Amino acid sequence: MASEAAILGVPAVYLDYQGRCYTDEEEQKFGMVYYFKKSKDGLERSLNKAEEILHDNESHSYYREMGEKMTNQKSM
């Protein structure tokens, strides 16, 4: 669901023991997916990132723009 959210212009934060290779580009190139290793530290860092995203009103237009950019690139 993290990948689907990113395509829709909604940033995604998720924890797992392993990352998902299909979200690497969305994370590294577009900054839309934030993966954290499942651990106590990862949980704390992921919650901090989620709060940061929620409270940064200026970033909302950025995420919509990146979602559109990803969609345009993938549909070519």
# chains A, B, ... in the order shown; residues from 1 in each chain; ligands from 1
>>> residues_around(residues="Ser59 in chain A", least_positions_apart="4", cutoff="12 Å", atoms="only C-alpha atoms", output="list of chain:residue names")
A:Gly9, A:Val10, A:Pro11, A:Gly31, A:Met32, A:Glu52, A:Ile53, A:Leu54, A:His55, A:Tyr63, A:Arg64, A:Glu65, A:Met66
>>> select_by_dssp(residues="chain A", states="strand (DSSP E or B)", output="VMD selection string")
chain A and resid 12 to 16 33 to 37
>>> write_last_selection(atoms="N, CA and C atoms", output="PDB file, in the first residue's frame")
ATOM      1  N   ALA A  12       4.148   7.874   2.212  1.00  0.00           N
ATOM      2  CA  ALA A  12       3.928   6.656   2.994  1.00  0.00           C
ATOM      3  C   ALA A  12       5.110   6.404   3.918  1.00  0.00           C
ATOM      4  N   VAL A  13       4.800   6.038   5.149  1.00  0.00           N
ATOM      5  CA  VAL A  13       5.796   5.671   6.143  1.00  0.00           C
ATOM      6  C   VAL A  13       5.485   4.244   6.549  1.00  0.00           C
ATOM      7  N   TYR A  14       6.472   3.360   6.463  1.00  0.00           N
ATOM      8  CA  TYR A  14       6.205   1.986   6.882  1.00  0.00           C
ATOM      9  C   TYR A  14       7.411   1.342   7.537  1.00  0.00           C
ATOM     10  N   LEU A  15       7.112   0.369   8.391  1.00  0.00           N
ATOM     11  CA  LEU A  15       8.126  -0.420   9.091  1.00  0.00           C
ATOM     12  C   LEU A  15       8.065  -1.845   8.594  1.00  0.00           C
ATOM     13  N   ASP A  16       9.229  -2.453   8.486  1.00  0.00           N
ATOM     14  CA  ASP A  16       9.286  -3.855   8.084  1.00  0.00           C
ATOM     15  C   ASP A  16      10.678  -4.364   8.430  1.00  0.00           C
ATOM     16  N   VAL A  33       8.187   7.664  -0.237  1.00  0.00           N
ATOM     17  CA  VAL A  33       8.062   6.509   0.644  1.00  0.00           C
ATOM     18  C   VAL A  33       9.218   6.557   1.642  1.00  0.00           C
ATOM     19  N   TYR A  34       8.884   6.316   2.896  1.00  0.00           N
ATOM     20  CA  TYR A  34       9.891   6.323   3.952  1.00  0.00           C
ATOM     21  C   TYR A  34       9.848   4.972   4.657  1.00  0.00           C
ATOM     22  N   TYR A  35      10.898   4.188   4.452  1.00  0.00           N
ATOM     23  CA  TYR A  35      10.998   2.853   5.045  1.00  0.00           C
ATOM     24  C   TYR A  35      11.888   2.911   6.275  1.00  0.00           C
ATOM     25  N   PHE A  36      11.443   2.252   7.329  1.00  0.00           N
ATOM     26  CA  PHE A  36      12.229   2.134   8.552  1.00  0.00           C
ATOM     27  C   PHE A  36      12.277   0.672   8.960  1.00  0.00           C
ATOM     28  N   LYS A  37      13.444   0.223   9.355  1.00  0.00           N
ATOM     29  CA  LYS A  37      13.617  -1.155   9.806  1.00  0.00           C
ATOM     30  C   LYS A  37      12.811  -1.371  11.081  1.00  0.00           C
TER      31      LYS A  37
END
>>> select_by_dssp(residues="chain A", states="helix (DSSP H, G or I)", output="PyMOL selection string")
chain A and resi 2-7+21-28+40-55+59-74
>>> write_last_selection(atoms="C-alpha atoms", output="CSV table (one decimal), in the first residue's frame")
chain,number,residue,atom,x,y,z
A,2,ALA,CA,3.0,2.3,0.4
A,3,SER,CA,3.6,2.3,-3.3
A,4,GLU,CA,0.0,2.9,-4.2
A,5,ALA,CA,-0.2,5.8,-1.7
A,6,ALA,CA,2.9,7.4,-3.3
A,7,ILE,CA,1.4,7.2,-6.8
A,21,CYS,CA,12.7,-3.2,-3.8
A,22,TYR,CA,9.7,-1.8,-5.7
A,23,THR,CA,9.5,1.2,-3.4
A,24,ASP,CA,13.2,2.1,-3.7
A,25,GLU,CA,12.8,4.5,-6.5
A,26,GLU,CA,9.8,6.1,-4.8
A,27,GLU,CA,11.9,6.6,-1.7
A,28,GLN,CA,15.2,7.6,-3.3
A,40,LYS,CA,12.4,0.1,18.7
A,41,ASP,CA,14.5,2.8,17.0
A,42,GLY,CA,12.8,2.3,13.7
A,43,LEU,CA,9.4,2.7,15.3
A,44,GLU,CA,10.4,6.0,17.0
A,45,ARG,CA,12.0,7.3,13.8
A,46,SER,CA,8.9,6.4,11.7
A,47,LEU,CA,6.6,8.1,14.1
A,48,ASN,CA,8.8,11.2,14.1
A,49,LYS,CA,8.7,11.2,10.3
A,50,ALA,CA,4.9,10.8,10.2
A,51,GLU,CA,4.5,13.7,12.5
A,52,GLU,CA,6.9,15.8,10.5
A,53,ILE,CA,4.9,15.1,7.3
A,54,LEU,CA,1.6,15.8,9.0
A,55,HIS,CA,2.7,19.2,10.5
A,59,SER,CA,5.1,19.9,1.8
A,60,HIS,CA,1.5,18.9,0.8
A,61,SER,CA,1.8,20.5,-2.6
A,62,TYR,CA,5.2,18.9,-3.1
A,63,TYR,CA,3.8,15.4,-2.5
A,64,ARG,CA,1.0,16.0,-4.9
A,65,GLU,CA,3.5,17.2,-7.5
A,66,MET,CA,5.8,14.2,-7.0
A,67,GLY,CA,2.8,11.9,-7.3
A,68,GLU,CA,1.9,13.4,-10.6
A,69,LYS,CA,5.5,13.2,-11.8
A,70,MET,CA,5.7,9.6,-10.9
A,71,THR,CA,2.4,8.8,-12.6
A,72,ASN,CA,3.6,10.6,-15.8
A,73,GLN,CA,6.9,8.8,-15.8
A,74,LYS,CA,5.4,5.4,-15.3
>>> decode(residues="range 7-44 of chain A", atoms="N, CA and C atoms", output="PDB file, in the first residue's frame")
ATOM      1  N   ILE A   7       1.934   6.883  -5.452  1.00  0.00           N
ATOM      2  CA  ILE A   7       1.443   7.199  -6.797  1.00  0.00           C
ATOM      3  C   ILE A   7       0.283   8.186  -6.728  1.00  0.00           C
ATOM      4  N   LEU A   8      -0.499   8.118  -5.668  1.00  0.00           N
ATOM      5  CA  LEU A   8      -1.629   9.035  -5.488  1.00  0.00           C
ATOM      6  C   LEU A   8      -1.206  10.375  -4.886  1.00  0.00           C
ATOM      7  N   GLY A   9       0.087  10.544  -4.630  1.00  0.00           N
ATOM      8  CA  GLY A   9       0.579  11.795  -4.080  1.00  0.00           C
ATOM      9  C   GLY A   9       0.486  11.873  -2.569  1.00  0.00           C
ATOM     10  N   VAL A  10       0.371  10.720  -1.930  1.00  0.00           N
ATOM     11  CA  VAL A  10       0.296  10.651  -0.468  1.00  0.00           C
ATOM     12  C   VAL A  10       1.569   9.977   0.035  1.00  0.00           C
ATOM     13  N   PRO A  11       2.364  10.669   0.840  1.00  0.00           N
ATOM     14  CA  PRO A  11       3.592  10.046   1.338  1.00  0.00           C
ATOM     15  C   PRO A  11       3.280   8.856   2.235  1.00  0.00           C
ATOM     16  N   ALA A  12       4.148   7.874   2.212  1.00  0.00           N
ATOM     17  CA  ALA A  12       3.928   6.656   2.994  1.00  0.00           C
ATOM     18  C   ALA A  12       5.110   6.404   3.918  1.00  0.00           C
ATOM     19  N   VAL A  13       4.800   6.038   5.149  1.00  0.00           N
ATOM     20  CA  VAL A  13       5.796   5.671   6.143  1.00  0.00           C
ATOM     21  C   VAL A  13       5.485   4.244   6.549  1.00  0.00           C
ATOM     22  N   TYR A  14       6.472   3.360   6.463  1.00  0.00           N
ATOM     23  CA  TYR A  14       6.205   1.986   6.882  1.00  0.00           C
ATOM     24  C   TYR A  14       7.411   1.342   7.537  1.00  0.00           C
ATOM     25  N   LEU A  15       7.112   0.369   8.391  1.00  0.00           N
ATOM     26  CA  LEU A  15       8.126  -0.420   9.091  1.00  0.00           C
ATOM     27  C   LEU A  15       8.065  -1.845   8.594  1.00  0.00           C
ATOM     28  N   ASP A  16       9.229  -2.453   8.486  1.00  0.00           N
ATOM     29  CA  ASP A  16       9.286  -3.855   8.084  1.00  0.00           C
ATOM     30  C   ASP A  16      10.678  -4.364   8.430  1.00  0.00           C
ATOM     31  N   TYR A  17      10.814  -5.674   8.456  1.00  0.00           N
ATOM     32  CA  TYR A  17      12.131  -6.253   8.702  1.00  0.00           C
ATOM     33  C   TYR A  17      13.022  -6.106   7.476  1.00  0.00           C
ATOM     34  N   GLN A  18      12.405  -6.068   6.296  1.00  0.00           N
ATOM     35  CA  GLN A  18      13.131  -5.884   5.041  1.00  0.00           C
ATOM     36  C   GLN A  18      12.395  -4.831   4.234  1.00  0.00           C
ATOM     37  N   GLY A  19      13.128  -4.069   3.439  1.00  0.00           N
ATOM     38  CA  GLY A  19      12.488  -3.112   2.558  1.00  0.00           C
ATOM     39  C   GLY A  19      11.844  -3.821   1.381  1.00  0.00           C
ATOM     40  N   ARG A  20      11.195  -3.070   0.557  1.00  0.00           N
ATOM     41  CA  ARG A  20      10.586  -3.599  -0.656  1.00  0.00           C
ATOM     42  C   ARG A  20      11.297  -2.954  -1.842  1.00  0.00           C
ATOM     43  N   CYS A  21      11.899  -3.749  -2.674  1.00  0.00           N
ATOM     44  CA  CYS A  21      12.693  -3.189  -3.768  1.00  0.00           C
ATOM     45  C   CYS A  21      11.846  -2.325  -4.695  1.00  0.00           C
ATOM     46  N   TYR A  22      10.563  -2.612  -4.821  1.00  0.00           N
ATOM     47  CA  TYR A  22       9.736  -1.827  -5.731  1.00  0.00           C
ATOM     48  C   TYR A  22       9.405  -0.444  -5.179  1.00  0.00           C
ATOM     49  N   THR A  23       9.732  -0.153  -3.922  1.00  0.00           N
ATOM     50  CA  THR A  23       9.527   1.197  -3.390  1.00  0.00           C
ATOM     51  C   THR A  23      10.832   1.995  -3.342  1.00  0.00           C
ATOM     52  N   ASP A  24      11.937   1.382  -3.721  1.00  0.00           N
ATOM     53  CA  ASP A  24      13.238   2.064  -3.653  1.00  0.00           C
ATOM     54  C   ASP A  24      13.247   3.356  -4.465  1.00  0.00           C
ATOM     55  N   GLU A  25      12.775   3.301  -5.699  1.00  0.00           N
ATOM     56  CA  GLU A  25      12.761   4.498  -6.539  1.00  0.00           C
ATOM     57  C   GLU A  25      11.843   5.565  -5.948  1.00  0.00           C
ATOM     58  N   GLU A  26      10.705   5.149  -5.442  1.00  0.00           N
ATOM     59  CA  GLU A  26       9.763   6.103  -4.842  1.00  0.00           C
ATOM     60  C   GLU A  26      10.359   6.769  -3.605  1.00  0.00           C
ATOM     61  N   GLU A  27      11.219   6.047  -2.932  1.00  0.00           N
ATOM     62  CA  GLU A  27      11.882   6.593  -1.749  1.00  0.00           C
ATOM     63  C   GLU A  27      13.073   7.465  -2.135  1.00  0.00           C
ATOM     64  N   GLN A  28      13.943   6.955  -2.985  1.00  0.00           N
ATOM     65  CA  GLN A  28      15.205   7.628  -3.282  1.00  0.00           C
ATOM     66  C   GLN A  28      15.063   8.763  -4.295  1.00  0.00           C
ATOM     67  N   LYS A  29      14.287   8.557  -5.318  1.00  0.00           N
ATOM     68  CA  LYS A  29      14.185   9.546  -6.392  1.00  0.00           C
ATOM     69  C   LYS A  29      13.118  10.603  -6.122  1.00  0.00           C
ATOM     70  N   PHE A  30      12.010  10.175  -5.512  1.00  0.00           N
ATOM     71  CA  PHE A  30      10.880  11.084  -5.345  1.00  0.00           C
ATOM     72  C   PHE A  30      10.613  11.503  -3.898  1.00  0.00           C
ATOM     73  N   GLY A  31      11.190  10.810  -2.932  1.00  0.00           N
ATOM     74  CA  GLY A  31      10.967  11.159  -1.538  1.00  0.00           C
ATOM     75  C   GLY A  31       9.530  10.973  -1.091  1.00  0.00           C
ATOM     76  N   MET A  32       8.883   9.943  -1.617  1.00  0.00           N
ATOM     77  CA  MET A  32       7.462   9.708  -1.321  1.00  0.00           C
ATOM     78  C   MET A  32       7.238   8.562  -0.346  1.00  0.00           C
ATOM     79  N   VAL A  33       8.187   7.664  -0.237  1.00  0.00           N
ATOM     80  CA  VAL A  33       8.062   6.509   0.644  1.00  0.00           C
ATOM     81  C   VAL A  33       9.218   6.557   1.642  1.00  0.00           C
ATOM     82  N   TYR A  34       8.884   6.316   2.896  1.00  0.00           N
ATOM     83  CA  TYR A  34       9.891   6.323   3.952  1.00  0.00           C
ATOM     84  C   TYR A  34       9.848   4.972   4.657  1.00  0.00           C
ATOM     85  N   TYR A  35      10.898   4.188   4.452  1.00  0.00           N
ATOM     86  CA  TYR A  35      10.998   2.853   5.045  1.00  0.00           C
ATOM     87  C   TYR A  35      11.888   2.911   6.275  1.00  0.00           C
ATOM     88  N   PHE A  36      11.443   2.252   7.329  1.00  0.00           N
ATOM     89  CA  PHE A  36      12.229   2.134   8.552  1.00  0.00           C
ATOM     90  C   PHE A  36      12.277   0.672   8.960  1.00  0.00           C
ATOM     91  N   LYS A  37      13.444   0.223   9.355  1.00  0.00           N
ATOM     92  CA  LYS A  37      13.617  -1.155   9.806  1.00  0.00           C
ATOM     93  C   LYS A  37      12.811  -1.371  11.081  1.00  0.00           C
ATOM     94  N   LYS A  38      12.120  -2.489  11.135  1.00  0.00           N
ATOM     95  CA  LYS A  38      11.265  -2.787  12.277  1.00  0.00           C
ATOM     96  C   LYS A  38      12.119  -3.063  13.512  1.00  0.00           C
ATOM     97  N   SER A  39      12.149  -2.084  14.402  1.00  0.00           N
ATOM     98  CA  SER A  39      12.893  -2.158  15.653  1.00  0.00           C
ATOM     99  C   SER A  39      12.358  -1.032  16.534  1.00  0.00           C
ATOM    100  N   LYS A  40      12.806  -0.979  17.757  1.00  0.00           N
ATOM    101  CA  LYS A  40      12.364   0.096  18.656  1.00  0.00           C
ATOM    102  C   LYS A  40      12.792   1.451  18.091  1.00  0.00           C
ATOM    103  N   ASP A  41      14.039   1.540  17.639  1.00  0.00           N
ATOM    104  CA  ASP A  41      14.539   2.777  17.045  1.00  0.00           C
ATOM    105  C   ASP A  41      13.778   3.118  15.761  1.00  0.00           C
ATOM    106  N   GLY A  42      13.529   2.112  14.936  1.00  0.00           N
ATOM    107  CA  GLY A  42      12.793   2.326  13.695  1.00  0.00           C
ATOM    108  C   GLY A  42      11.390   2.819  13.952  1.00  0.00           C
ATOM    109  N   LEU A  43      10.751   2.280  14.974  1.00  0.00           N
ATOM    110  CA  LEU A  43       9.401   2.712  15.324  1.00  0.00           C
ATOM    111  C   LEU A  43       9.405   4.190  15.719  1.00  0.00           C
ATOM    112  N   GLU A  44      10.342   4.565  16.552  1.00  0.00           N
ATOM    113  CA  GLU A  44      10.429   5.960  16.998  1.00  0.00           C
ATOM    114  C   GLU A  44      10.717   6.890  15.819  1.00  0.00           C
TER     115      GLU A  44
END
